[in-house]
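K.L.:
Take this structure first; my questions come after.
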Amino acid sequence: MDAPNPSATPTFASRTPLRIGAIGVKVRDLDRVTAFYRDVLGLAVLDCRADGATLGAGGVPFVHLERSPNAKPDDTREAGLYHTAFLMPTRADLARWILHVARTKVPLTGASDHAVSEAFYLDDPEGNGVEVYSDRAAATWQWAGNDLRMTTDRLDVEDILREVPPNATFPGAPGGLRIGHVHLRVGDVAHAEAFYRDALGLDVTRHRHGASFLSSGRYHHHIAGNVWHSAGAGLRDQDRAGLSWLALEVAASDTFDQIKARLVQNGKTLSPTPNSIEATDPWGTPVRLLRA
């Protein structure tokens, strides 16, 4: 029997009780932004229409681009998307991607060793932040009770590149690539926790300089919210490009029912469908809860 291919297998982040399912992004230039996620990240275009495009990996859709040519540009002082973080299944997959962006001269905005992960940062053509990362083994993460050690240290890129030969190619996103986490710009960290922790049931894993990190199942974080540029932001301007909605998958029916009850208890108005419910966070962003 052939050994399982780790690059085709979604990681720990996608096996927790709640996990990121998808994200919707409103874009002004659909063709240009679609080309970025296809050519730079290697995502497959699973559907393309006049009003939008859907991309993913391994046949799974998780990036939904919504064409809105008359939208105003995003404003980093408002609530919205800080970055979408794409989780490579293995460190070798990340190394192949690094070689790919180096060969194609894709500009990066940063790189960091976060102790739990190794990450690179860049922006899509309309300024939406993107992170591409791989996780270190969860057994090596350092917890102090419910507080997880996460750092922002210099990344040893050369050590990552030793995972693959110098001529390694990146034929496209590996089948197990998923969105590992979504980092949001919020107006107030406490209000973010009141929704994502108290109403949705995520656990806070870390506080850091105006940011909160929350997760399900002891992952390092599925959702983060910061006020680094957006402190005091109010409801998001729906006429702007950028974040449109995000979706969380719920692994078990009883967990789904518990979240639904907790949202009602917290006074949230729900929009139900047979397999999902939708509520808005404190800044008006729709958050969809999907039965996995």
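Residue names in the structure tokens use chain letters A, B, ... in the order shown, residue numbers from 1 in each chain, and ligand numbers from 1 in the order shown.
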Name all residues at most 12 Å from region 138-147 of chain A (count only C-alpha atoms; drop same-chain ones fewer than 5 positions away) and give them as an MDAnalysis selection string.
P.N.:
chainID A and resid 11:13 114:117 203:208 212:221
K.L.:
Mind checking which residues fall within 8 Å of Thr109 (chain A), counting only C-alpha atoms, ignoring those fewer than 6 positions away in the same chain, and posting them as a PyMOL selection string?
P.N.:
chain A and resi 120-123
K.L.:
Excluding Leu184 (chain A) and any residue of its chain fewer than 3 positions from it, enumerate the residues within 7 Å of it, using only C-alpha atoms, and give them as a PDB file with N, CA and C atoms, in the first residue's frame.
P.N.:
```
ATOM      1  N   GLY A  80     -12.123  45.270   8.952  1.00  0.00           N
ATOM      2  CA  GLY A  80     -12.064  44.501   7.718  1.00  0.00           C
ATOM      3  C   GLY A  80     -11.009  43.416   7.793  1.00  0.00           C
ATOM      4  N   LEU A  81     -10.421  43.125   6.657  1.00  0.00           N
ATOM      5  CA  LEU A  81      -9.477  42.019   6.546  1.00  0.00           C
ATOM      6  C   LEU A  81      -8.049  42.503   6.741  1.00  0.00           C
ATOM      7  N   TYR A  82      -7.359  41.933   7.719  1.00  0.00           N
ATOM      8  CA  TYR A  82      -5.927  42.200   7.891  1.00  0.00           C
ATOM      9  C   TYR A  82      -5.139  41.247   6.994  1.00  0.00           C
ATOM     10  N   HIS A  83      -5.391  39.955   7.125  1.00  0.00           N
ATOM     11  CA  HIS A  83      -4.890  39.018   6.121  1.00  0.00           C
ATOM     12  C   HIS A  83      -5.644  37.701   6.178  1.00  0.00           C
ATOM     13  N   ALA A 224      -8.008  35.979  14.429  1.00  0.00           N
ATOM     14  CA  ALA A 224      -7.320  36.997  15.216  1.00  0.00           C
ATOM     15  C   ALA A 224      -7.976  38.337  14.914  1.00  0.00           C
ATOM     16  N   GLY A 225      -7.915  39.237  15.872  1.00  0.00           N
ATOM     17  CA  GLY A 225      -8.421  40.588  15.666  1.00  0.00           C
ATOM     18  C   GLY A 225      -7.454  41.593  16.257  1.00  0.00           C
ATOM     19  N   ASN A 226      -7.124  42.637  15.507  1.00  0.00           N
ATOM     20  CA  ASN A 226      -6.212  43.645  16.039  1.00  0.00           C
ATOM     21  C   ASN A 226      -6.755  45.051  15.791  1.00  0.00           C
TER      22      ASN A 226
END
```
K.L.:
As a ChimeraX atom specification, please: the residues near region 159-167 of chain A (cut-off 6 Å, only C-alpha atoms, same-chain neighbours under 3 positions excluded).
P.N.:
/A:92,95,156
K.L.:
List as a ChimeraX atom specification the protein and nucleic acid residues near Ile179 (chain A), meaning an atom at most 12 Å away when only C-alpha atoms are counted, but skip any in the same chain fewer than 5 places from it.
P.N.:
/A:10-14,19-23,41,43,55-57,60-63,83-89,130-134,173,221-223,246-249
K.L.:
Hey, what does DSSP flag as helix (DSSP H, G or I) within region 28-228 of chain A? Can you give it to me as a ChimeraX atom specification?
P.N.:
/A:30-39,91-103,138-140,157-161,189-199
K.L.:
Point out the residue among A:Leu263, A:Ala168, A:Ala192, A:Ala53 with the least atom-to-atom distance to Arg38 (chain A), counting only C-alpha atoms.
P.N.:
A:Ala53
K.L.:
Find the distance between CA of Glu118 (chain A) and CA of Asp93 (chain A) and write it in Å to one decimal.
P.N.:
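Answer for the CA of Glu118 (chain A) to CA of Asp93 (chain A) separation: 12.1 Å.
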K.L.:
Kindly give the distance, in Å, that separates CA of Gln238 (chain A) and CA of Ala211 (chain A), rounded to a single decimal.
P.N.:
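Computing the Euclidean distance for CA of Gln238 (chain A) and CA of Ala211 (chain A) yields 23.8 Å.
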K.L.:
Identify all residues of region 58-166 of chain A in strand (DSSP E) (DSSP on the backbone) and supply them as a PyMOL selection string.
P.N.:
chain A and resi 60-67+80-87+110-113+117-123+129-135+143-144+147-148
K.L.:
Which residue gives the smallest distance to Thr151 (chain A) among A:Gly187, A:Thr169, A:Asp113, A:Arg91, with only C-alpha atoms counted?
P.N.:
A:Asp113
K.L.:
I'd like the contact shell of Ala252 (chain A) - 9 Å cut-off, only C-alpha atoms, skipping same-chain residues fewer than 2 positions apart - returned as a PDB file with C-alpha atoms, in the first residue's frame.
P.N.:
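Written out: out05.pdb:
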```
ATOM      1  CA  PRO A  17     -14.398  21.309  16.117  1.00  0.00           C
ATOM      2  CA  LEU A  18     -14.588  24.716  14.381  1.00  0.00           C
ATOM      3  CA  VAL A 250     -18.699  23.142  12.466  1.00  0.00           C
ATOM      4  CA  ASP A 254     -24.393  19.129  18.704  1.00  0.00           C
ATOM      5  CA  THR A 255     -21.663  21.770  18.476  1.00  0.00           C
ATOM      6  CA  PHE A 256     -23.642  23.533  15.739  1.00  0.00           C
ATOM      7  CA  ASP A 257     -26.748  23.532  17.934  1.00  0.00           C
ATOM      8  CA  ARG A 291     -22.404  22.139   9.058  1.00  0.00           C
ATOM      9  CA  ALA A 292     -19.308  20.245   7.904  1.00  0.00           C
TER      10      ALA A 292
END
```
K.L.:
If you measure from CA of Gly52 (chain A) to CA of Val40 (chain A), what distance in Å do you get, rounded to one decimal?
P.N.:
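Computing it gives 18.6 Å between the two atoms.
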K.L.:
For Arg103 (chain A), which of A:Gly210, A:Phe170, A:Trp228, A:Val45 is the closest residue, counting only C-alpha atoms?
P.N.:
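Selected residue with least distance to Arg103 (chain A): A:Phe170.
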K.L.:
Pick from A:Met150, A:Gly176, A:Leu289, A:Leu46: nearest to Asn275 (chain A), with only C-alpha atoms counted?
P.N.:
A:Leu289
K.L.:
With only C-alpha atoms as the atoms that count, which of A:Gln265, A:Ser68, A:Thr104, A:Ser271 lies nearest to Asp39 (chain A)?
P.N.:
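Under the stated criterion, the closest residue is A:Thr104.
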